[in-house]
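With mmCIF, C-alpha atoms and all ligand atoms inside, this is structure-v5.cif:
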```cif
data_final
#
loop_
_atom_site.label_atom_id
_atom_site.label_comp_id
_atom_site.auth_asym_id
_atom_site.auth_seq_id
_atom_site.Cartn_x
_atom_site.Cartn_y
_atom_site.Cartn_z
CA ILE Y 1 0.00 0.00 0.00
CA LEU Y 2 1.47 3.30 -1.08
CA VAL Y 3 0.49 6.22 1.16
CA GLU Y 4 0.51 9.59 -0.60
CA SER Y 5 -0.15 13.11 0.65
CA VAL Y 6 -2.08 15.29 -1.82
CA VAL Y 7 -2.97 13.77 -5.20
CA THR Y 8 -5.40 14.72 -7.97
CA SER Y 9 -7.23 11.43 -7.54
CA SER Y 10 -5.94 8.19 -6.02
CA ASN Y 11 -7.37 6.44 -9.10
CA ASP Y 12 -5.07 8.61 -11.27
CA SER Y 13 -2.04 7.87 -9.07
CA LEU Y 14 -2.65 4.15 -9.39
CA ARG Y 15 -3.15 4.41 -13.16
CA ASP Y 16 0.15 6.30 -13.48
CA LEU Y 17 1.92 3.53 -11.57
CA LEU Y 18 0.36 0.93 -13.85
CA THR Y 19 1.69 2.69 -16.94
CA GLN Y 20 5.20 2.47 -15.45
CA GLY Y 21 5.15 -1.30 -14.92
CA SER Y 22 3.18 -4.24 -13.65
CA LEU Y 23 1.78 -4.27 -10.13
CA PRO Y 24 0.62 -7.17 -7.96
CA ALA Y 25 -3.14 -7.69 -7.54
CA GLY Y 26 -4.29 -5.78 -4.49
CA TYR Y 27 -1.66 -3.04 -4.79
CA ALA Y 28 -3.28 0.09 -3.36
CA VAL Y 29 -2.81 3.84 -3.10
CA ILE Y 30 -4.17 5.74 -0.11
CA ALA Y 31 -4.15 9.54 -0.20
CA GLU Y 32 -4.57 12.15 2.53
CA ALA Y 33 -6.40 14.50 0.16
CA GLN Y 34 -7.55 14.69 -3.46
CA THR Y 35 -7.71 17.92 -5.41
CA GLU Y 36 -9.84 16.33 -8.16
CA GLY Y 37 -11.63 13.52 -6.39
CA ARG Y 38 -14.42 12.30 -8.65
CA GLY Y 39 -17.53 10.16 -8.68
CA ARG Y 40 -19.44 8.74 -11.62
CA ARG Y 41 -20.06 10.86 -14.71
CA GLY Y 42 -17.51 13.44 -13.60
CA LYS Y 43 -19.35 14.39 -10.40
CA ARG Y 44 -17.15 15.79 -7.68
CA TRP Y 45 -16.08 13.76 -4.64
CA PHE Y 46 -15.27 16.11 -1.76
CA SER Y 47 -11.87 15.02 -0.45
CA PRO Y 48 -10.51 17.29 2.31
CA PHE Y 49 -7.07 16.67 3.86
CA GLY Y 50 -6.26 14.25 6.66
CA CYS Y 51 -9.73 13.27 7.84
CA ASN Y 52 -11.36 10.75 5.49
CA LEU Y 53 -10.28 7.69 3.52
CA TYR Y 54 -9.47 7.79 -0.20
CA ILE Y 55 -8.16 4.45 -1.41
CA SER Y 56 -7.71 2.88 -4.85
CA VAL Y 57 -7.05 -0.83 -5.29
CA TYR Y 58 -5.65 -2.49 -8.43
CA TRP Y 59 -7.30 -5.73 -9.49
CA PRO Y 60 -6.53 -7.52 -12.77
CA ILE Y 61 -9.41 -9.17 -14.63
CA ALA Y 62 -8.23 -12.09 -16.77
CA GLU Y 63 -11.49 -12.25 -18.79
CA GLY Y 64 -11.27 -8.60 -19.82
CA ILE Y 65 -13.74 -5.75 -19.35
CA ASN Y 66 -16.83 -7.97 -19.68
CA GLY Y 67 -15.55 -10.00 -16.72
CA ALA Y 68 -15.55 -6.86 -14.57
CA MET Y 69 -19.31 -6.34 -14.45
CA GLY Y 70 -20.46 -6.12 -10.88
CA LEU Y 71 -17.08 -5.12 -9.39
CA SER Y 72 -18.53 -2.01 -7.74
CA LEU Y 73 -21.22 -4.20 -6.12
CA VAL Y 74 -18.54 -6.53 -4.73
CA ALA Y 75 -16.57 -3.57 -3.37
CA GLY Y 76 -19.69 -1.93 -1.87
CA LEU Y 77 -20.81 -5.05 -0.09
CA SER Y 78 -17.28 -5.73 1.17
CA LEU Y 79 -17.20 -2.20 2.53
CA VAL Y 80 -20.50 -2.76 4.35
CA LYS Y 81 -19.09 -5.97 5.87
CA ALA Y 82 -16.04 -4.02 7.08
CA LEU Y 83 -18.28 -1.34 8.58
CA GLU Y 84 -20.18 -4.06 10.46
CA GLN Y 85 -16.92 -5.32 11.92
CA LEU Y 86 -16.13 -1.78 13.03
CA GLY Y 87 -19.45 -1.51 14.86
CA VAL Y 88 -21.84 0.03 12.31
CA SER Y 89 -24.89 -2.22 12.16
CA ASN Y 90 -27.13 -0.33 9.74
CA ALA Y 91 -25.03 0.31 6.62
CA GLY Y 92 -26.50 -0.64 3.25
CA VAL Y 93 -25.68 -0.58 -0.45
CA LYS Y 94 -27.38 1.43 -3.17
CA TRP Y 95 -26.94 0.01 -6.66
CA PRO Y 96 -24.46 0.37 -8.26
CA ASN Y 97 -21.82 2.16 -6.23
CA ASP Y 98 -22.88 3.84 -3.01
CA VAL Y 99 -22.93 2.97 0.69
CA TYR Y 100 -25.51 4.58 2.95
CA ILE Y 101 -26.19 4.66 6.67
CA ASP Y 102 -29.77 5.62 7.57
CA ASN Y 103 -30.42 7.38 4.27
CA GLN Y 104 -27.16 9.32 4.38
CA LYS Y 105 -24.28 8.70 2.00
CA VAL Y 106 -21.12 7.61 3.80
CA ALA Y 107 -19.08 6.17 0.91
CA GLY Y 108 -18.89 5.96 -2.87
CA ILE Y 109 -17.07 3.64 -5.24
CA LEU Y 110 -15.65 4.47 -8.64
CA VAL Y 111 -14.44 1.53 -10.73
CA GLU Y 112 -12.34 2.46 -13.77
CA LEU Y 113 -11.29 -0.12 -16.35
CA GLU Y 114 -8.79 -0.36 -19.16
CA SER Y 115 -8.20 -3.18 -21.63
CA ASN Y 116 -4.79 -4.77 -22.19
CA THR Y 117 -3.61 -6.01 -25.60
CA ASP Y 118 -3.75 -9.64 -24.38
CA GLY Y 119 -7.52 -9.41 -23.78
CA SER Y 120 -7.27 -9.03 -20.01
CA ALA Y 121 -8.26 -5.80 -18.24
CA ASN Y 122 -6.98 -3.68 -15.38
CA SER Y 123 -9.50 -2.47 -12.87
CA ILE Y 124 -8.94 0.41 -10.49
CA ILE Y 125 -11.40 0.32 -7.63
CA GLY Y 126 -11.57 3.71 -5.91
CA ILE Y 127 -13.30 4.00 -2.56
CA GLY Y 128 -14.05 7.23 -0.72
CA LEU Y 129 -15.27 6.80 2.87
CA ASN Y 130 -16.11 9.69 5.17
CA LEU Y 131 -14.47 9.30 8.57
CA ALA Y 132 -14.48 12.76 10.12
CA MET Y 133 -15.77 15.25 7.57
CA PRO Y 134 -15.19 18.92 8.53
CA GLU Y 135 -18.49 20.81 8.60
CA SER Y 136 -17.07 23.48 6.27
CA THR Y 137 -16.73 20.81 3.54
CA GLY Y 138 -19.81 18.80 4.47
CA SER Y 139 -22.01 21.87 4.06
CA GLN Y 140 -21.08 21.95 0.34
CA ILE Y 141 -22.35 18.41 -0.37
CA ASP Y 142 -25.71 18.57 -2.13
CA GLN Y 143 -27.22 15.42 -0.61
CA ARG Y 144 -27.58 13.91 2.85
CA TRP Y 145 -24.26 12.51 4.06
CA THR Y 146 -22.67 11.13 7.20
CA ASP Y 147 -19.26 10.05 8.48
CA LEU Y 148 -18.04 7.22 10.71
CA ARG Y 149 -17.18 9.53 13.59
CA SER Y 150 -20.85 10.34 14.06
CA GLN Y 151 -21.90 6.68 13.70
CA LEU Y 152 -19.46 5.07 16.15
CA SER Y 153 -19.77 5.31 19.92
CA LYS Y 154 -16.00 5.49 20.43
CA PRO Y 155 -13.13 6.76 18.29
CA VAL Y 156 -11.45 4.16 16.03
CA SER Y 157 -8.05 4.86 14.50
CA ARG Y 158 -7.87 5.64 10.80
CA ASN Y 159 -5.24 2.91 10.36
CA VAL Y 160 -7.51 0.28 11.92
CA ILE Y 161 -10.42 1.40 9.71
CA SER Y 162 -8.24 1.44 6.57
CA GLY Y 163 -6.79 -2.00 7.34
CA CYS Y 164 -10.21 -3.52 7.96
CA ILE Y 165 -11.62 -2.08 4.73
CA TYR Y 166 -8.63 -3.11 2.66
CA ARG Y 167 -8.79 -6.67 4.03
CA GLU Y 168 -12.53 -7.06 3.35
CA VAL Y 169 -12.34 -5.56 -0.14
CA VAL Y 170 -9.46 -7.84 -1.16
CA ALA Y 171 -11.32 -10.83 0.35
CA GLY Y 172 -14.41 -9.86 -1.69
CA LEU Y 173 -12.32 -9.53 -4.86
CA ASN Y 174 -10.72 -12.95 -4.33
CA GLU Y 175 -14.17 -14.43 -3.82
CA PHE Y 176 -15.28 -12.71 -7.06
CA ASP Y 177 -12.31 -14.26 -8.91
CA ASN Y 178 -13.24 -17.71 -7.65
CA ASN Y 179 -17.05 -17.68 -7.74
CA GLY Y 180 -18.15 -14.58 -9.63
CA LEU Y 181 -21.11 -12.75 -8.10
CA GLN Y 182 -22.46 -15.77 -6.18
CA TRP Y 183 -21.66 -14.37 -2.70
CA THR Y 184 -22.69 -10.84 -3.71
CA ARG Y 185 -26.09 -12.01 -5.01
CA GLN Y 186 -26.70 -14.05 -1.91
CA GLN Y 187 -25.97 -11.12 0.44
CA TRP Y 188 -27.43 -8.32 -1.67
CA PRO Y 189 -31.13 -8.44 -0.65
CA ARG Y 190 -30.22 -8.11 3.02
CA TYR Y 191 -28.15 -4.96 2.45
CA ASP Y 192 -29.84 -3.32 -0.56
CA VAL Y 193 -31.39 -0.09 0.74
CA TYR Y 194 -34.08 -0.21 -1.98
CA PHE Y 195 -34.87 -3.94 -2.01
CA ASN Y 196 -38.61 -4.40 -2.65
CA GLU Y 197 -39.08 -0.61 -2.55
CA PRO Y 198 -40.57 1.65 -5.23
CA VAL Y 199 -37.80 3.36 -7.19
CA THR Y 200 -37.24 5.53 -10.24
CA LEU Y 201 -34.39 4.66 -12.52
CA THR Y 202 -33.08 7.40 -14.78
CA MET Y 203 -30.89 6.94 -17.87
CA GLY Y 204 -30.17 10.33 -19.41
CA GLN Y 205 -33.57 11.77 -20.43
CA ARG Y 206 -35.44 8.52 -19.89
CA SER Y 207 -36.87 7.30 -16.58
CA VAL Y 208 -38.72 4.17 -15.48
CA THR Y 209 -40.55 3.53 -12.22
CA GLY Y 210 -41.08 0.17 -10.56
CA ILE Y 211 -40.24 -2.03 -7.59
CA CYS Y 212 -36.57 -2.77 -7.05
CA ARG Y 213 -35.98 -6.54 -7.02
CA GLY Y 214 -32.24 -6.62 -6.39
CA ILE Y 215 -29.63 -7.79 -8.91
CA ASP Y 216 -29.25 -10.53 -11.51
CA GLU Y 217 -26.31 -12.92 -12.04
CA ASN Y 218 -24.38 -10.23 -13.97
CA GLY Y 219 -24.95 -7.45 -11.46
CA ALA Y 220 -27.71 -5.68 -13.44
CA VAL Y 221 -30.45 -4.07 -11.35
CA LEU Y 222 -33.88 -5.71 -11.56
CA LEU Y 223 -36.96 -3.52 -11.82
CA GLU Y 224 -40.48 -4.91 -11.71
CA THR Y 225 -43.07 -2.89 -13.59
CA ASN Y 226 -46.65 -4.10 -14.16
CA GLY Y 227 -45.67 -7.66 -13.29
CA ASN Y 228 -42.66 -7.77 -15.65
CA THR Y 229 -39.13 -7.80 -14.29
CA VAL Y 230 -36.60 -6.03 -16.51
CA ARG Y 231 -32.84 -5.87 -16.03
CA TYR Y 232 -30.91 -2.61 -16.47
CA PHE Y 233 -27.17 -2.12 -16.64
CA GLY Y 234 -24.91 0.78 -17.57
CA GLY Y 235 -22.81 3.62 -16.26
CA GLU Y 236 -25.53 6.19 -16.97
CA ILE Y 237 -28.17 4.72 -14.68
CA SER Y 238 -29.18 6.35 -11.37
CA LEU Y 239 -31.64 4.96 -8.84
CA ARG Y 240 -33.78 7.10 -6.57
CA ALA Y 241 -36.62 6.35 -4.16
CA THR Y 242 -39.95 7.14 -5.83
P1 LIG Y 301 -25.86 8.06 -8.58
O1 LIG Y 301 -24.60 7.27 -8.64
O2 LIG Y 301 -27.05 7.21 -8.39
O3 LIG Y 301 -26.00 9.02 -9.71
P2 LIG Y 301 -25.03 10.20 -6.78
O4 LIG Y 301 -25.81 11.43 -7.11
O5 LIG Y 301 -24.68 9.97 -5.35
O6 LIG Y 301 -25.77 8.87 -7.24
P3 LIG Y 301 -22.33 9.70 -7.51
O7 LIG Y 301 -21.59 9.94 -8.77
O8 LIG Y 301 -22.47 8.28 -7.04
O9 LIG Y 301 -23.75 10.34 -7.66
O10 LIG Y 301 -21.59 10.47 -6.33
C1 LIG Y 301 -21.25 11.83 -6.45
C2 LIG Y 301 -22.16 12.64 -5.53
O11 LIG Y 301 -21.90 12.29 -4.17
C3 LIG Y 301 -21.90 14.13 -5.58
O12 LIG Y 301 -22.62 14.72 -6.62
C4 LIG Y 301 -22.38 14.60 -4.20
O13 LIG Y 301 -23.79 14.73 -4.19
C5 LIG Y 301 -22.04 13.43 -3.32
N1 LIG Y 301 -20.75 13.57 -2.61
C6 LIG Y 301 -19.60 14.15 -3.04
N2 LIG Y 301 -18.63 14.04 -2.12
C7 LIG Y 301 -19.18 13.37 -1.07
C8 LIG Y 301 -18.68 12.93 0.17
N3 LIG Y 301 -17.42 13.12 0.56
N4 LIG Y 301 -19.55 12.27 0.99
C9 LIG Y 301 -20.83 12.03 0.63
N5 LIG Y 301 -21.35 12.42 -0.54
C10 LIG Y 301 -20.53 13.07 -1.39
C1 LIG Y 302 -19.37 8.02 -6.30
O1 LIG Y 302 -20.06 8.05 -5.28
O2 LIG Y 302 -19.76 8.31 -7.43
C2 LIG Y 302 -17.99 7.46 -6.22
C3 LIG Y 302 -17.05 8.28 -5.39
C4 LIG Y 302 -15.68 7.62 -5.38
C5 LIG Y 302 -14.67 8.41 -4.62
C6 LIG Y 302 -13.36 7.69 -4.54
S1 LIG Y 302 -12.19 8.47 -3.44
C7 LIG Y 302 -10.93 7.43 -4.04
C8 LIG Y 302 -11.10 7.36 -5.55
N1 LIG Y 302 -10.53 8.53 -6.17
C9 LIG Y 302 -11.45 9.25 -6.81
O3 LIG Y 302 -11.21 10.29 -7.45
N2 LIG Y 302 -12.66 8.71 -6.67
C10 LIG Y 302 -12.60 7.52 -5.86
#
```

Once more with this new file: its structure as structure tokens, please.
Amino acid sequence: ILVESVVTSSNDSLRDLLTQGSLPAGYAVIAEAQTEGRGRRGKRWFSPFGCNLYISVYWPIAEGINGAMGLSLVAGLSLVKALEQLGVSNAGVKWPNDVYIDNQKVAGILVELESNTDGSANSIIGIGLNLAMPESTGSQIDQRWTDLRSQLSKPVSRNVISGCIYREVVAGLNEFDNNGLQWTRQQWPRYDVYFNEPVTLTMGQRSVTGICRGIDENGAVLLETNGNTVRYFGGEISLRAT
């Protein structure tokens, strides 16, 4: 694990290292701050110095980009498992890449992929987790958010939290390598914040409303509308409670 001070984005730092030579699976970059922390579709990820966790993990995918579907679900669920071990009992996942505690966003995941000439792919799994967000930054976030400090009854060291999260994420990725999304699908209904709830799914200009029925074997979200269950997958899709 390489610990950096201020970076543009820990995903960028890891990508730069990958262009310089091969890295072992599970190699990670942790940064104290990001000047250009990002979420999906170029949204900003607020990343103030010295108080939260910004970590990017390298994971090679032998089958190529198509074999990487569902990686953000694996990482999100692994993160929730780590939070449980740290004493947070009510964390849940929101398809495809967010972790919530009581309706407040505590973490986000950004998976970035690139293909290699041999058909394999590199994945960079970036995780931002709020630990002790300063109010001056938190007040700029345009949705409900929380941090671990306000969810835990006693202080836990940042190193312990980082170690626990890293261990669970790598365990989840190894499980994914061995058995695909089997474990993730089995756990998902218990932790999905919208499971069996009415939701609206938006894809650019288009939106569809229905009941969220979890995920399929490829990690697509399942939406039941008028008795039909349809699967949706893609980087442009957002889910909201109806
Ligand atoms: P969706 O992925 O469904 O579109 P989203 O609106 O949360 O959901 P993301 O790209 O997942 O979009 O995350 C980026 C958003 O997260 C930002 O637009 C902002 O609302 C919020 N956000 C940014 N930084 C933080 C942070 N440190 N903690 C919590 N929320 C944040
Ligand atoms: C989201 O909610 O859309 C995903 C947010 C992901 C933030 C993490 S912080 C570490 C890594 N570096 C980034 O620039 N983004 C991810």

Quick one: contact table of chain Y to ligand LIG 301 (chain Y), 9 Å max, nearest atom pair and distance in Å to one decimal per residue, counting all atoms listed in the file, chain and number order, as a Markdown table?
```
| residue | atom | partner | partner_atom | distance |
| --- | --- | --- | --- | --- |
| Y:Gly37 | CA | Y:LIG301 | N2 | 8.2 |
| Y:Arg38 | CA | Y:LIG301 | C1 | 7.2 |
| Y:Gly39 | CA | Y:LIG301 | O7 | 4.1 |
| Y:Arg40 | CA | Y:LIG301 | O7 | 3.8 |
| Y:Arg41 | CA | Y:LIG301 | O7 | 6.2 |
| Y:Gly42 | CA | Y:LIG301 | O7 | 7.2 |
| Y:Lys43 | CA | Y:LIG301 | O12 | 5.0 |
| Y:Arg44 | CA | Y:LIG301 | C3 | 5.5 |
| Y:Trp45 | CA | Y:LIG301 | N2 | 3.6 |
| Y:Phe46 | CA | Y:LIG301 | N2 | 4.0 |
| Y:Ser47 | CA | Y:LIG301 | N3 | 6.0 |
| Y:Pro48 | CA | Y:LIG301 | N3 | 8.3 |
| Y:Asn52 | CA | Y:LIG301 | N3 | 8.2 |
| Y:Lys94 | CA | Y:LIG301 | O2 | 7.8 |
| Y:Trp95 | CA | Y:LIG301 | O2 | 7.4 |
| Y:Pro96 | CA | Y:LIG301 | O1 | 6.9 |
| Y:Asn97 | CA | Y:LIG301 | O8 | 6.2 |
| Y:Asp98 | CA | Y:LIG301 | O8 | 6.0 |
| Y:Gln104 | CA | Y:LIG301 | C9 | 7.8 |
| Y:Lys105 | CA | Y:LIG301 | C9 | 5.0 |
| Y:Val106 | CA | Y:LIG301 | C9 | 5.4 |
| Y:Ala107 | CA | Y:LIG301 | N4 | 6.1 |
| Y:Gly108 | CA | Y:LIG301 | O8 | 6.0 |
| Y:Ile109 | CA | Y:LIG301 | O8 | 7.3 |
| Y:Leu110 | CA | Y:LIG301 | O8 | 8.0 |
| Y:Gly128 | CA | Y:LIG301 | N3 | 6.9 |
| Y:Leu129 | CA | Y:LIG301 | N3 | 7.1 |
| Y:Asn130 | CA | Y:LIG301 | N3 | 5.9 |
| Y:Met133 | CA | Y:LIG301 | N3 | 7.5 |
| Y:Thr137 | CA | Y:LIG301 | N3 | 8.3 |
| Y:Gly138 | CA | Y:LIG301 | N3 | 7.3 |
| Y:Gln140 | CA | Y:LIG301 | C6 | 8.6 |
| Y:Ile141 | CA | Y:LIG301 | C4 | 5.4 |
| Y:Asp142 | CA | Y:LIG301 | O13 | 4.8 |
| Y:Gln143 | CA | Y:LIG301 | O13 | 5.0 |
| Y:Arg144 | CA | Y:LIG301 | N5 | 7.2 |
| Y:Trp145 | CA | Y:LIG301 | C9 | 4.9 |
| Y:Thr146 | CA | Y:LIG301 | C9 | 6.9 |
| Y:Asp147 | CA | Y:LIG301 | N4 | 7.8 |
| Y:Leu201 | CA | Y:LIG301 | O2 | 8.8 |
| Y:Thr202 | CA | Y:LIG301 | O2 | 8.8 |
| Y:Gly235 | CA | Y:LIG301 | O1 | 8.6 |
| Y:Glu236 | CA | Y:LIG301 | O3 | 7.8 |
| Y:Ile237 | CA | Y:LIG301 | O2 | 6.9 |
| Y:Ser238 | CA | Y:LIG301 | O2 | 3.8 |
| Y:Leu239 | CA | Y:LIG301 | O2 | 5.1 |
| Y:Arg240 | CA | Y:LIG301 | O2 | 7.0 |
```

Distance of atom CA of Ile1 of chain Y from atom CA of Gly70 of chain Y, expressed in Å to one decimal place: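 Computing it gives 24.0 Å between the two atoms.
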
As a PDB file with C-alpha atoms, in the coordinates of the input, please: the residues near Leu79 of chain Y (cut-off 10 Å, all atoms listed in the file, same-chain neighbours under 6 positions excluded).
```pdb
ATOM      1  CA  LEU Y  73     -21.220  -4.200  -6.120  1.00  0.00           C
ATOM      2  CA  GLN Y  85     -16.920  -5.320  11.920  1.00  0.00           C
ATOM      3  CA  ALA Y  91     -25.030   0.310   6.620  1.00  0.00           C
ATOM      4  CA  GLY Y  92     -26.500  -0.640   3.250  1.00  0.00           C
ATOM      5  CA  VAL Y  93     -25.680  -0.580  -0.450  1.00  0.00           C
ATOM      6  CA  ASP Y  98     -22.880   3.840  -3.010  1.00  0.00           C
ATOM      7  CA  VAL Y  99     -22.930   2.970   0.690  1.00  0.00           C
ATOM      8  CA  ALA Y 107     -19.080   6.170   0.910  1.00  0.00           C
ATOM      9  CA  GLY Y 108     -18.890   5.960  -2.870  1.00  0.00           C
ATOM     10  CA  ILE Y 109     -17.070   3.640  -5.240  1.00  0.00           C
ATOM     11  CA  ILE Y 127     -13.300   4.000  -2.560  1.00  0.00           C
ATOM     12  CA  LEU Y 129     -15.270   6.800   2.870  1.00  0.00           C
ATOM     13  CA  CYS Y 164     -10.210  -3.520   7.960  1.00  0.00           C
ATOM     14  CA  ILE Y 165     -11.620  -2.080   4.730  1.00  0.00           C
ATOM     15  CA  TYR Y 166      -8.630  -3.110   2.660  1.00  0.00           C
ATOM     16  CA  ARG Y 167      -8.790  -6.670   4.030  1.00  0.00           C
ATOM     17  CA  GLU Y 168     -12.530  -7.060   3.350  1.00  0.00           C
ATOM     18  CA  VAL Y 169     -12.340  -5.560  -0.140  1.00  0.00           C
ATOM     19  CA  GLY Y 172     -14.410  -9.860  -1.690  1.00  0.00           C
TER      20      GLY Y 172
END
```

Best match for closeness to ligand LIG 302 (chain Y) among Y:Ala25, Y:Ile124, Y:Val230, Y:Met69, counting only C-alpha atoms and all ligand atoms: Y:Ile124

Within 7 Å of Thr8 of chain Y using only C-alpha atoms, minus same-chain residues under 6 positions, as a list in words: Gln34, Thr35, Glu36 and Gly37 of chain Y

Would you compute the distance between atom CA of Asn226 of chain Y and atom CA of Gly214 of chain Y? Give it in Å to one decimal.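 Computing it gives 16.6 Å between the two atoms.
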
Distance query Gly210 of chain Y at most 10 Å, all atoms listed in the file, self and fewer than 6 positions along chain excluded, as a VMD selection string: chain Y and resid 196 to 201 222 to 230 241 to 242

Mind checking which residues fall within 8 Å of Leu71 of chain Y, counting only C-alpha atoms, ignoring those fewer than 4 positions away in the same chain, and posting them as a VMD selection string? chain Y and resid 75 111 173

Find, counting all atoms listed in the file, the residue in Y:Ser22, Y:Gln182, Y:Ser72, Y:Asn66 that gets nearest to ligand LIG 302 (chain Y).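 Distance minimum relative to ligand LIG 302 (chain Y) lands on Y:Ser72.
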
Counting only C-alpha atoms, which of Y:Ser78, Y:Gln20, Y:Ser5, Y:Asn103 gets nearest to Val193 of chain Y?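 Looking only at the distances to Val193 of chain Y, the closest residue turns out to be Y:Asn103.
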